[in-house]
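Structure data follow from data-v5.cif (mmCIF, C-alpha atoms):
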data_my_file
#
loop_
_atom_site.label_atom_id
_atom_site.label_comp_id
_atom_site.auth_asym_id
_atom_site.auth_seq_id
_atom_site.Cartn_x
_atom_site.Cartn_y
_atom_site.Cartn_z
CA LYS A 1 0.80 -36.74 25.77
CA GLY A 2 -0.66 -33.49 27.02
CA ARG A 3 0.09 -31.51 23.86
CA ARG A 4 -1.26 -28.19 25.10
CA ASN A 5 0.96 -28.34 28.19
CA GLU A 6 3.85 -29.39 25.97
CA ALA A 7 3.28 -26.34 23.77
CA ARG A 8 3.15 -24.08 26.81
CA ALA A 9 6.44 -25.56 28.04
CA SER A 10 8.00 -25.05 24.60
CA LEU A 11 6.86 -21.42 24.62
CA SER A 12 8.41 -20.88 28.05
CA LEU A 13 11.65 -22.60 27.06
CA GLY A 14 11.84 -20.49 23.91
CA SER A 15 11.43 -17.32 25.94
CA LEU A 16 14.09 -18.47 28.41
CA LYS A 17 16.56 -19.35 25.63
CA MET A 18 16.14 -15.81 24.24
CA THR A 19 17.14 -14.26 27.58
CA GLN A 20 20.17 -16.57 27.61
CA GLY A 21 21.17 -15.37 24.12
CA ASP A 22 20.56 -18.75 22.46
CA SER A 23 18.31 -17.57 19.64
CA THR A 24 18.76 -20.72 17.54
CA GLU A 25 17.40 -22.97 20.29
CA ALA A 26 14.71 -20.38 21.04
CA VAL A 27 13.45 -20.48 17.45
CA THR A 28 13.25 -24.30 17.57
CA TYR A 29 11.10 -24.31 20.72
CA LEU A 30 8.92 -21.39 19.65
CA GLU A 31 8.28 -22.84 16.19
CA LYS A 32 7.01 -26.05 17.78
CA ALA A 33 4.66 -24.15 20.10
CA LEU A 34 3.48 -21.85 17.32
CA ARG A 35 2.58 -24.76 15.04
CA PHE A 36 0.42 -26.34 17.77
CA TYR A 37 -1.36 -23.09 18.65
CA GLN A 38 -2.06 -22.21 15.02
CA ASP A 39 -3.38 -25.69 14.17
CA GLY A 40 -5.59 -25.67 17.27
CA GLY A 41 -6.96 -22.17 16.71
CA TYR A 42 -5.64 -20.78 20.00
CA ARG A 43 -5.66 -17.08 19.12
CA GLN A 44 -4.19 -15.57 22.25
CA GLU A 45 -1.40 -18.13 22.49
CA THR A 46 -0.71 -17.82 18.76
CA ALA A 47 -0.30 -14.06 19.11
CA GLN A 48 2.12 -14.51 22.01
CA ALA A 49 4.10 -17.16 20.12
CA LEU A 50 4.30 -15.02 16.96
CA LEU A 51 5.63 -12.08 18.95
CA LEU A 52 8.35 -14.16 20.58
CA PHE A 53 9.09 -15.99 17.31
CA GLY A 54 9.60 -12.67 15.54
CA ARG A 55 11.87 -11.37 18.29
CA ALA A 56 13.91 -14.59 18.38
CA ASN A 57 14.48 -14.52 14.63
CA ARG A 58 15.42 -10.82 14.83
CA GLN A 59 17.95 -11.69 17.54
CA LYS A 60 19.23 -14.56 15.38
CA GLY A 61 19.66 -12.27 12.36
CA ASP A 62 16.99 -13.99 10.25
CA TYR A 63 15.19 -10.79 9.37
CA ASP A 64 12.97 -12.28 6.65
CA ALA A 65 11.49 -14.78 9.14
CA ALA A 66 11.11 -12.01 11.73
CA LEU A 67 9.25 -9.78 9.28
CA ARG A 68 6.89 -12.62 8.31
CA ALA A 69 6.09 -13.32 11.96
CA PHE A 70 5.35 -9.68 12.79
CA GLU A 71 3.31 -9.22 9.59
CA GLN A 72 1.24 -12.28 10.45
CA GLN A 73 0.75 -11.02 13.98
CA LEU A 74 -0.37 -7.63 12.66
CA ALA A 75 -2.85 -9.17 10.21
CA THR A 76 -4.39 -11.31 12.96
CA ALA A 77 -4.53 -8.43 15.43
CA GLU A 78 -6.24 -6.19 12.84
CA GLN A 79 -8.86 -8.86 12.14
CA GLU A 80 -9.60 -9.10 15.85
CA GLN A 81 -9.35 -5.30 16.29
CA ASN A 82 -6.90 -5.91 19.12
CA ILE A 83 -5.11 -2.57 19.49
CA PRO A 84 -2.35 -3.60 21.96
CA ARG A 85 -1.29 -6.50 19.71
CA GLN A 86 -1.39 -4.27 16.65
CA ALA A 87 0.91 -1.83 18.44
CA LEU A 88 3.37 -4.60 19.37
CA ALA A 89 3.37 -5.93 15.80
CA GLN A 90 4.01 -2.45 14.39
CA GLU A 91 6.85 -2.02 16.87
CA GLY A 92 8.32 -5.38 15.87
CA LEU A 93 8.22 -4.50 12.18
CA GLY A 94 9.90 -1.18 12.90
CA THR A 95 12.77 -2.79 14.80
CA VAL A 96 13.51 -5.26 11.99
CA LEU A 97 13.33 -2.61 9.27
CA PHE A 98 15.65 -0.43 11.36
CA ARG A 99 18.24 -3.22 11.35
CA ARG A 100 17.75 -3.57 7.61
CA GLU A 101 18.48 0.19 7.37
CA ARG A 102 15.09 0.91 5.83
CA TYR A 103 14.68 3.93 8.08
CA VAL A 104 11.75 5.67 6.38
CA GLU A 105 9.64 2.49 6.49
CA ALA A 106 10.73 1.81 10.07
CA LEU A 107 9.69 5.33 11.09
CA THR A 108 6.22 4.76 9.64
CA HIS A 109 5.77 1.60 11.72
CA PHE A 110 7.05 3.29 14.87
CA GLU A 111 4.65 6.19 14.30
CA ASN A 112 1.81 3.68 13.89
CA SER A 113 2.90 1.94 17.07
CA TYR A 114 2.96 5.24 18.97
CA SER A 115 -0.49 6.15 17.70
CA LEU A 116 -1.91 2.79 18.81
CA PHE A 117 -0.20 2.78 22.22
CA SER A 118 -1.46 6.34 22.79
CA LYS A 119 -5.01 4.96 22.91
CA SER A 120 -4.10 3.07 26.09
CA ASP A 121 -2.93 4.06 29.58
CA ASN A 122 0.35 2.20 29.15
CA GLN A 123 2.73 5.10 29.75
CA LEU A 124 5.79 2.84 29.58
CA ALA A 125 4.86 1.59 26.12
CA ILE A 126 4.04 5.12 24.95
CA ALA A 127 7.42 6.42 26.12
CA ASN A 128 9.23 3.49 24.48
CA SER A 129 7.50 4.13 21.17
CA MET A 130 8.50 7.80 21.39
CA ILE A 131 12.14 6.76 21.83
CA ASN A 132 11.86 4.48 18.80
CA ARG A 133 10.47 7.33 16.71
CA ALA A 134 13.23 9.65 17.86
CA GLY A 135 15.86 7.05 16.98
CA MET A 136 14.63 6.84 13.40
CA LEU A 137 14.45 10.62 13.06
CA LEU A 138 18.06 10.82 14.22
CA ALA A 139 19.06 8.18 11.67
CA LEU A 140 17.43 10.38 9.02
CA GLY A 141 19.23 13.51 10.26
CA ARG A 142 16.07 15.17 11.55
CA TYR A 143 17.71 16.24 14.81
CA GLN A 144 15.36 19.02 15.92
CA GLU A 145 12.25 16.82 15.65
CA ALA A 146 14.01 13.99 17.45
CA GLN A 147 15.18 16.19 20.32
CA GLY A 148 11.65 17.49 20.85
CA ILE A 149 10.29 13.95 21.12
CA LEU A 150 13.11 12.89 23.46
CA ALA A 151 12.41 15.85 25.73
CA GLU A 152 8.75 14.83 25.97
CA ALA A 153 9.71 11.19 26.52
CA SER A 154 12.08 12.25 29.29
CA GLU A 155 9.20 13.89 31.15
CA LYS A 156 7.17 10.69 30.86
CA ALA A 157 10.12 8.60 32.02
CA ALA A 158 10.49 10.79 35.11
CA LYS A 159 6.80 10.31 35.96
CA VAL A 160 6.93 6.56 35.40
CA GLY A 161 10.23 6.29 37.29
CA ASN A 162 11.65 3.73 34.87
CA LYS A 163 15.47 3.62 34.76
CA GLN A 164 15.65 1.73 31.46
CA LEU A 165 13.66 4.50 29.77
CA GLN A 166 15.97 7.15 31.18
CA VAL A 167 19.02 5.23 29.97
CA SER A 168 17.55 4.75 26.48
CA ILE A 169 16.80 8.48 26.18
CA GLY A 170 20.31 9.38 27.34
CA LEU A 171 21.87 7.03 24.77
CA GLN A 172 19.78 8.49 21.95
CA GLN A 173 20.87 11.99 22.99
CA ALA A 174 24.48 10.80 23.08
CA LYS A 175 24.17 9.32 19.57
CA ALA A 176 22.69 12.57 18.30
CA ALA A 177 25.59 14.55 19.78
CA LEU A 178 28.17 12.12 18.37
CA SER A 179 26.55 12.25 14.93
CA GLN A 180 26.92 16.03 14.99
CA ARG A 181 30.51 15.73 16.31
CA ASN A 182 29.66 17.38 19.60
CA PHE A 183 32.06 15.11 21.49
CA SER A 184 31.83 16.77 24.90
CA GLU A 185 28.05 16.31 25.04
CA ALA A 186 28.29 12.79 23.60
CA LYS A 187 30.73 11.84 26.36
CA ALA A 188 28.64 13.45 29.11
CA LYS A 189 25.36 11.85 27.99
CA SER A 190 26.83 8.39 27.37
CA ASN A 191 28.78 8.46 30.65
CA SER A 192 25.65 9.32 32.61
CA ALA A 193 23.55 6.66 30.86
CA LEU A 194 26.31 4.09 31.25
CA ASP A 195 26.52 4.63 35.01
CA VAL A 196 22.81 3.88 35.45
CA ALA A 197 22.89 0.97 32.98
CA THR A 198 25.86 -0.62 34.75
CA ALA A 199 24.28 -0.27 38.18
CA SER A 200 21.05 -1.82 36.88
CA GLN A 201 22.82 -4.45 34.72
CA PHE A 202 21.09 -3.44 31.47
CA LYS A 203 23.46 -5.41 29.26
CA GLY A 204 22.25 -4.11 25.88
CA SER A 205 22.47 -0.51 27.10
CA ILE A 206 25.93 -1.12 28.56
CA ILE A 207 27.13 -2.30 25.15
CA GLU A 208 25.64 0.73 23.41
CA GLY A 209 26.97 3.12 26.06
CA LYS A 210 30.51 1.76 25.81
CA ARG A 211 30.33 1.85 22.01
CA ILE A 212 29.22 5.49 21.86
CA LEU A 213 31.56 6.67 24.63
CA GLY A 214 34.48 4.73 23.15
CA LEU A 215 34.07 6.33 19.74
CA ALA A 216 33.56 9.80 21.24
CA LEU A 217 36.76 9.44 23.27
CA THR A 218 38.71 8.18 20.27
CA LEU A 219 37.59 11.06 18.07
CA SER A 220 38.49 13.61 20.77
CA ASN A 221 42.12 12.44 21.09
CA GLN A 222 41.60 10.04 24.00
CA LYS A 223 42.39 7.09 21.77
CA ARG A 224 43.69 4.56 24.29
CA ASP A 225 40.63 4.87 26.55
CA GLY A 226 38.34 4.92 23.53
CA VAL A 227 39.73 1.71 22.02
CA LYS A 228 39.57 0.00 25.42
CA LEU A 229 35.85 0.77 25.76
CA CYS A 230 35.14 -0.36 22.19
CA ARG A 231 36.89 -3.67 22.89
CA GLU A 232 34.79 -4.13 26.02
CA ALA A 233 31.65 -3.47 23.96
CA VAL A 234 32.65 -6.17 21.46
CA GLU A 235 33.33 -8.69 24.25
CA LEU A 236 29.89 -8.06 25.79
CA ALA A 237 28.18 -8.21 22.39
CA GLU A 238 29.75 -11.60 21.71
CA GLN A 239 28.14 -12.91 24.90
CA LEU A 240 24.70 -11.88 23.60
CA LYS A 241 25.25 -13.79 20.34
CA ASP A 242 23.25 -11.18 18.44
CA PRO A 243 24.76 -10.74 14.93
CA TRP A 244 23.60 -7.12 14.70
CA GLU A 245 25.14 -6.17 18.05
CA MET A 246 28.37 -8.00 17.25
CA SER A 247 28.83 -6.52 13.78
CA THR A 248 27.89 -2.97 14.84
CA THR A 249 30.32 -2.97 17.76
CA ARG A 250 33.06 -4.55 15.63
CA LEU A 251 32.64 -1.81 13.03
CA THR A 252 32.94 0.82 15.76
CA LEU A 253 36.06 -0.89 17.12
CA ALA A 254 37.52 -0.97 13.61
CA GLY A 255 37.00 2.78 13.33
CA ALA A 256 38.57 3.43 16.73
CA LEU A 257 41.59 1.24 15.90
CA LEU A 258 42.04 3.03 12.58
CA GLU A 259 41.98 6.41 14.36
CA SER A 260 44.64 5.14 16.78
CA GLY A 261 46.87 3.92 13.94
CA ASP A 262 46.38 0.16 14.45
CA THR A 263 45.56 -0.60 10.81
CA ASP A 264 46.06 -4.39 10.94
CA ASN A 265 43.57 -4.99 13.76
CA SER A 266 41.26 -2.38 12.26
CA LEU A 267 41.15 -4.34 9.01
CA THR A 268 40.55 -7.64 10.82
CA ASN A 269 37.54 -6.24 12.68
CA ALA A 270 36.18 -4.42 9.62
CA LEU A 271 36.26 -7.62 7.55
CA ALA A 272 34.56 -9.58 10.35
CA ALA A 273 31.80 -6.96 10.50
CA GLU A 274 31.47 -6.93 6.70
CA GLU A 275 30.89 -10.68 6.65
CA THR A 276 27.89 -10.36 8.96
CA PHE A 277 26.55 -7.25 7.21
CA THR A 278 26.65 -9.08 3.89
CA ARG A 279 24.82 -12.11 5.28
CA THR A 280 22.07 -10.00 6.88
CA LEU A 281 21.75 -7.61 3.90
CA GLN A 282 22.83 -4.48 5.78
CA GLN A 283 24.22 -2.19 3.10
#
Is it possible to express this structure as structure tokens?
Amino acid sequence: KGRRNEARASLSLGSLKMTQGDSTEAVTYLEKALRFYQDGGYRQETAQALLLFGRANRQKGDYDAALRAFEQQLATAEQEQNIPRQALAQEGLGTVLFRRERYVEALTHFENSYSLFSKSDNQLAIANSMINRAGMLLALGRYQEAQGILAEASEKAAKVGNKQLQVSIGLQQAKAALSQRNFSEAKAKSNSALDVATASQFKGSIIEGKRILGLALTLSNQKRDGVKLCREAVELAEQLKDPWEMSTTRLTLAGALLESGDTDNSLTNALAAEETFTRTLQQ
């Protein structure tokens, strides 16, 4: 009946279940730990549990619960004047609002996160927050601003020597090129990022790389190869059990199939994506 040790075990199990892609089980364990830490007034543990609880619900597709967790974490961190936790909460809010397609609000939170992280020596976190800002600027069509930030982030990534950062920057640049229908650059950037992501087994980046490259190939008359990559992206996304990843990749596959003339399978995948988008309020 060591309840504090039980809560710590629940927190660890919740974190582990997230890495295994079992967000439903993760939420169950994390909720139990969070309740104990909040009732007992354990501030540090509560902050850690709220962060994981928000991420687990985001992964599960329960964006309302994720927003509440990150908002609560932010309020607590502001009361304690804890800058690192404020930065993480702002980042969490930005990621959920991005999935909800509320890009202007998400950008504000990512800018806040960047400003807070910039007060520390955490170069990795600073570079990550720059990539998040650039991603929102790209979603809003502000390409020139985004490219400037990505160039600066690339310099930081080179100094830090972090491969995941380099892959993330490459994928953002590939998305920007694809959005502007510069297919040759989109293919080059996504190919390069995908090589590093595959070698390092960055599963989320592999999915995104295959999705971008697949669509770029399809739209530049390499339809068979493009559809193949989009199918691979869907298969990997299904393993992660993340509704956002699954629906986004399915929508891309539907577009690639439509371009290749396979209207029946295109419709099937589009309807499957629509079902998830409707449930998670993604317009």
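Relative to atom CA of A:Leu140, atom CA of A:Glu238 is found at 28.2 Å.
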Next on the checklist: Just to confirm, what's the straight-line distance from atom CA of A:Leu67 to atom CA of A:Thr108 in Å (one decimal)?
Outcome noted: 14.9 Å
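Closest to A:Arg55 among A:Ile169, A:Met18, A:Ala157, A:Ala233 is A:Met18, based on all atoms listed in the file.
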Starting from the displayed file, determine the output of the PyMOL selection byres ((chain A and resi 191-205) around 10) and express the residue list as a tab-separated table (two decimals) with C-alpha atoms, in the coordinates of the input.
chain	number	residue	atom	x	y	z
A	163	LYS	CA	15.47	3.62	34.76
A	164	GLN	CA	15.65	1.73	31.46
A	166	GLN	CA	15.97	7.15	31.18
A	167	VAL	CA	19.02	5.23	29.97
A	168	SER	CA	17.55	4.75	26.48
A	169	ILE	CA	16.80	8.48	26.18
A	170	GLY	CA	20.31	9.38	27.34
A	171	LEU	CA	21.87	7.03	24.77
A	172	GLN	CA	19.78	8.49	21.95
A	173	GLN	CA	20.87	11.99	22.99
A	174	ALA	CA	24.48	10.80	23.08
A	185	GLU	CA	28.05	16.31	25.04
A	186	ALA	CA	28.29	12.79	23.60
A	187	LYS	CA	30.73	11.84	26.36
A	188	ALA	CA	28.64	13.45	29.11
A	189	LYS	CA	25.36	11.85	27.99
A	190	SER	CA	26.83	8.39	27.37
A	206	ILE	CA	25.93	-1.12	28.56
A	207	ILE	CA	27.13	-2.30	25.15
A	208	GLU	CA	25.64	0.73	23.41
A	209	GLY	CA	26.97	3.12	26.06
A	210	LYS	CA	30.51	1.76	25.81
A	211	ARG	CA	30.33	1.85	22.01
A	212	ILE	CA	29.22	5.49	21.86
A	213	LEU	CA	31.56	6.67	24.63
A	233	ALA	CA	31.65	-3.47	23.96
A	236	LEU	CA	29.89	-8.06	25.79
A	237	ALA	CA	28.18	-8.21	22.39
A	239	GLN	CA	28.14	-12.91	24.90
A	240	LEU	CA	24.70	-11.88	23.60
A	245	GLU	CA	25.14	-6.17	18.05
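Among the candidate residues A:Thr276, A:Gln48, A:Asn269, A:Gln73, the one lying nearest to A:Glu91 is A:Gln73, with distances computed using all atoms listed in the file.
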Checklist entry - Given the file above and the PyMOL selection byres ((chain A and resi 148) around 12), which residues are selected, and can you give them as a VMD selection string? => result chain A and resid 130 to 131 133 to 135 137 to 138 142 to 147 149 to 155 169 173
Would you output that residue set with C-alpha atoms, as a compact mmCIF listing (two decimals), in the frame of the given file?
# COMPACT_ATOMS: atom_id res chain seq x y z
CA MET A 130 8.50 7.80 21.39
CA ILE A 131 12.14 6.76 21.83
CA ARG A 133 10.47 7.33 16.71
CA ALA A 134 13.23 9.65 17.86
CA GLY A 135 15.86 7.05 16.98
CA LEU A 137 14.45 10.62 13.06
CA LEU A 138 18.06 10.82 14.22
CA ARG A 142 16.07 15.17 11.55
CA TYR A 143 17.71 16.24 14.81
CA GLN A 144 15.36 19.02 15.92
CA GLU A 145 12.25 16.82 15.65
CA ALA A 146 14.01 13.99 17.45
CA GLN A 147 15.18 16.19 20.32
CA ILE A 149 10.29 13.95 21.12
CA LEU A 150 13.11 12.89 23.46
CA ALA A 151 12.41 15.85 25.73
CA GLU A 152 8.75 14.83 25.97
CA ALA A 153 9.71 11.19 26.52
CA SER A 154 12.08 12.25 29.29
CA GLU A 155 9.20 13.89 31.15
CA ILE A 169 16.80 8.48 26.18
CA GLN A 173 20.87 11.99 22.99
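Of the listed residues A:Arg279, A:Lys159, A:Arg4, A:Arg85, the one whose atoms come nearest to A:Ser120 is A:Arg85, with distances taken using all atoms listed in the file.
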Checklist entry - Near A:Ala106, counting all atoms listed in the file, which residues have an atom at most 12 Å away, once you skip same-chain residues fewer than 4 positions from it, shown as a list of chain:residue names? => result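 Contacts, with the query itself left out: A:Leu67, A:Gln90, A:Glu91, A:Gly92, A:Leu93, A:Gly94, A:Thr95, A:Val96, A:Leu97, A:Phe98, A:Arg99, A:Arg100, A:Glu101, A:Arg102, A:Phe110, A:Glu111, A:Asn112, A:Ser113, A:Ser129, A:Asn132, A:Arg133, A:Ala134, A:Gly135, A:Met136, A:Leu137, A:Ala139, A:Leu140.
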Selection in question (the file shown): the PyMOL selection byres ((chain A and resi 46) around 10). Which residues does it include, as a PDB file with C-alpha atoms, in the frame of the given file?
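Dumped to expr.pdb:
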ATOM      1  CA  ALA A  33       4.660 -24.150  20.100  1.00  0.00           C
ATOM      2  CA  LEU A  34       3.480 -21.850  17.320  1.00  0.00           C
ATOM      3  CA  ARG A  35       2.580 -24.760  15.040  1.00  0.00           C
ATOM      4  CA  PHE A  36       0.420 -26.340  17.770  1.00  0.00           C
ATOM      5  CA  TYR A  37      -1.360 -23.090  18.650  1.00  0.00           C
ATOM      6  CA  GLN A  38      -2.060 -22.210  15.020  1.00  0.00           C
ATOM      7  CA  ASP A  39      -3.380 -25.690  14.170  1.00  0.00           C
ATOM      8  CA  GLY A  40      -5.590 -25.670  17.270  1.00  0.00           C
ATOM      9  CA  GLY A  41      -6.960 -22.170  16.710  1.00  0.00           C
ATOM     10  CA  TYR A  42      -5.640 -20.780  20.000  1.00  0.00           C
ATOM     11  CA  ARG A  43      -5.660 -17.080  19.120  1.00  0.00           C
ATOM     12  CA  GLN A  44      -4.190 -15.570  22.250  1.00  0.00           C
ATOM     13  CA  GLU A  45      -1.400 -18.130  22.490  1.00  0.00           C
ATOM     14  CA  ALA A  47      -0.300 -14.060  19.110  1.00  0.00           C
ATOM     15  CA  GLN A  48       2.120 -14.510  22.010  1.00  0.00           C
ATOM     16  CA  ALA A  49       4.100 -17.160  20.120  1.00  0.00           C
ATOM     17  CA  LEU A  50       4.300 -15.020  16.960  1.00  0.00           C
ATOM     18  CA  LEU A  51       5.630 -12.080  18.950  1.00  0.00           C
ATOM     19  CA  LEU A  52       8.350 -14.160  20.580  1.00  0.00           C
ATOM     20  CA  GLN A  73       0.750 -11.020  13.980  1.00  0.00           C
ATOM     21  CA  THR A  76      -4.390 -11.310  12.960  1.00  0.00           C
TER      22      THR A  76
END
Checklist entry - What is the atom CA of A:Tyr114-atom CA of A:Ala127 distance in Å, reported with one decimal? => result 8.5 Å
Next on the checklist: Using only C-alpha atoms, can you tell me which of A:Met246, A:Val104, A:Ala56, A:Leu178 comes closest to A:Thr19?
Outcome noted: A:Ala56
Item to check | Who sits within 10 Å of A:Arg181, only C-alpha atoms, same chain under 5 positions skipped, as a VMD selection string | outcome: chain A and resid 175 to 176 186 216 219 to 220
Keeping C-alpha atoms, export the residues of the selection given above as a PDB file, keeping the file's coordinate frame.
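As written to disk, selection-v1.pdb reads:
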ATOM      1  CA  LYS A 175      24.170   9.320  19.570  1.00  0.00           C
ATOM      2  CA  ALA A 176      22.690  12.570  18.300  1.00  0.00           C
ATOM      3  CA  ALA A 186      28.290  12.790  23.600  1.00  0.00           C
ATOM      4  CA  ALA A 216      33.560   9.800  21.240  1.00  0.00           C
ATOM      5  CA  LEU A 219      37.590  11.060  18.070  1.00  0.00           C
ATOM      6  CA  SER A 220      38.490  13.610  20.770  1.00  0.00           C
TER       7      SER A 220
END
Next on the checklist: Ranking A:Val234, A:Ala158, A:Leu116, A:Ala177 by minimum distance to A:Gly141 and counting only C-alpha atoms, which one comes first?
Outcome noted: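 Smallest distance to A:Gly141 is found for A:Ala177.
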Can you tell me which residues surround A:Gly54 at a distance of at most 9 Å, considering all atoms listed in the file, apart from same-chain residues fewer than 6 positions away, and format the answer as a PDB file with C-alpha atoms, in the coordinates of the input?
ATOM      1  CA  VAL A  27      13.450 -20.480  17.450  1.00  0.00           C
ATOM      2  CA  TYR A  63      15.190 -10.790   9.370  1.00  0.00           C
ATOM      3  CA  ALA A  65      11.490 -14.780   9.140  1.00  0.00           C
ATOM      4  CA  ALA A  66      11.110 -12.010  11.730  1.00  0.00           C
ATOM      5  CA  LEU A  67       9.250  -9.780   9.280  1.00  0.00           C
ATOM      6  CA  ARG A  68       6.890 -12.620   8.310  1.00  0.00           C
ATOM      7  CA  ALA A  69       6.090 -13.320  11.960  1.00  0.00           C
ATOM      8  CA  PHE A  70       5.350  -9.680  12.790  1.00  0.00           C
ATOM      9  CA  GLY A  92       8.320  -5.380  15.870  1.00  0.00           C
ATOM     10  CA  LEU A  93       8.220  -4.500  12.180  1.00  0.00           C
TER      11      LEU A  93
END
Next on the checklist: Excluding A:Asn221 and its own-chain neighbours fewer than 3 positions away, which residues fall within 12 Å of it when counting only C-alpha atoms? Please give them as a VMD selection string.
Outcome noted: chain A and resid 183 to 184 214 to 218 224 to 227 256 259 to 260
Distance query A:Ala77 at most 10 Å, all atoms listed in the file, self and fewer than 3 positions along chain excluded, as a short mmCIF file (atom, residue, chain, number, x, y, z; two decimals) with C-alpha atoms, in the coordinates of the input:
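Output contents, as saved in part-v5.cif:
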data_model
loop_
_atom_site.label_atom_id
_atom_site.label_comp_id
_atom_site.auth_asym_id
_atom_site.auth_seq_id
_atom_site.Cartn_x
_atom_site.Cartn_y
_atom_site.Cartn_z
CA ARG A 43 -5.66 -17.08 19.12
CA GLN A 44 -4.19 -15.57 22.25
CA ALA A 47 -0.30 -14.06 19.11
CA GLU A 71 3.31 -9.22 9.59
CA GLN A 72 1.24 -12.28 10.45
CA GLN A 73 0.75 -11.02 13.98
CA LEU A 74 -0.37 -7.63 12.66
CA GLU A 80 -9.60 -9.10 15.85
CA GLN A 81 -9.35 -5.30 16.29
CA ASN A 82 -6.90 -5.91 19.12
CA ILE A 83 -5.11 -2.57 19.49
CA PRO A 84 -2.35 -3.60 21.96
CA ARG A 85 -1.29 -6.50 19.71
CA GLN A 86 -1.39 -4.27 16.65
CA ALA A 87 0.91 -1.83 18.44
CA LEU A 88 3.37 -4.60 19.37
CA ALA A 89 3.37 -5.93 15.80
#
Checklist outcome for this item: For A:Ala270, the closest of A:Arg250, A:Gln282, A:Leu258, A:Phe53 counting all atoms listed in the file is A:Arg250
For stretch 238-243 of chain A, where the input has fewer atoms than it should, I would like all heavy atoms rebuilt and written as a JSON list (two decimals), keeping the file's coordinate frame.
[["chain", "number", "residue", "atom", "x", "y", "z"],
["A", 238, "GLU", "N", 29.52, -10.19, 22.05],
["A", 238, "GLU", "CA", 29.75, -11.60, 21.71],
["A", 238, "GLU", "C", 29.01, -12.53, 22.67],
["A", 238, "GLU", "O", 28.56, -13.60, 22.29],
["A", 238, "GLU", "CB", 31.24, -11.91, 21.70],
["A", 238, "GLU", "CG", 31.96, -11.32, 20.49],
["A", 238, "GLU", "CD", 33.46, -11.51, 20.54],
["A", 238, "GLU", "OE1", 33.98, -11.80, 21.66],
["A", 238, "GLU", "OE2", 34.11, -11.37, 19.49],
["A", 239, "GLN", "N", 28.86, -12.10, 23.91],
["A", 239, "GLN", "CA", 28.14, -12.91, 24.90],
["A", 239, "GLN", "C", 26.66, -12.98, 24.56],
["A", 239, "GLN", "O", 25.99, -13.98, 24.82],
["A", 239, "GLN", "CB", 28.32, -12.32, 26.30],
["A", 239, "GLN", "CG", 29.73, -12.41, 26.84],
["A", 239, "GLN", "CD", 29.89, -11.69, 28.16],
["A", 239, "GLN", "OE1", 28.91, -11.46, 28.89],
["A", 239, "GLN", "NE2", 31.11, -11.31, 28.50],
["A", 240, "LEU", "N", 26.12, -11.90, 23.97],
["A", 240, "LEU", "CA", 24.70, -11.88, 23.60],
["A", 240, "LEU", "C", 24.39, -12.72, 22.36],
["A", 240, "LEU", "O", 23.25, -13.10, 22.14],
["A", 240, "LEU", "CB", 24.24, -10.44, 23.33],
["A", 240, "LEU", "CG", 24.06, -9.51, 24.53],
["A", 240, "LEU", "CD1", 23.49, -8.18, 24.06],
["A", 240, "LEU", "CD2", 23.14, -10.13, 25.57],
["A", 241, "LYS", "N", 25.40, -12.99, 21.56],
["A", 241, "LYS", "CA", 25.25, -13.79, 20.34],
["A", 241, "LYS", "C", 24.24, -13.20, 19.36],
["A", 241, "LYS", "O", 23.55, -13.92, 18.64],
["A", 241, "LYS", "CB", 24.86, -15.24, 20.68],
["A", 241, "LYS", "CG", 25.85, -15.96, 21.57],
["A", 241, "LYS", "CD", 25.36, -17.34, 21.95],
["A", 241, "LYS", "CE", 26.33, -18.02, 22.91],
["A", 241, "LYS", "NZ", 25.83, -19.36, 23.34],
["A", 242, "ASP", "N", 24.14, -11.88, 19.36],
["A", 242, "ASP", "CA", 23.25, -11.18, 18.44],
["A", 242, "ASP", "C", 24.11, -10.64, 17.28],
["A", 242, "ASP", "O", 24.95, -9.78, 17.50],
["A", 242, "ASP", "CB", 22.56, -10.02, 19.17],
["A", 242, "ASP", "CG", 21.55, -9.28, 18.31],
["A", 242, "ASP", "OD1", 21.80, -9.15, 17.10],
["A", 242, "ASP", "OD2", 20.53, -8.83, 18.86],
["A", 243, "PRO", "N", 23.91, -11.15, 16.06],
["A", 243, "PRO", "CA", 24.76, -10.74, 14.93],
["A", 243, "PRO", "C", 24.79, -9.23, 14.72],
["A", 243, "PRO", "O", 25.84, -8.66, 14.38],
["A", 243, "PRO", "CB", 24.13, -11.45, 13.72],
["A", 243, "PRO", "CG", 23.40, -12.60, 14.30],
["A", 243, "PRO", "CD", 22.92, -12.14, 15.64]]
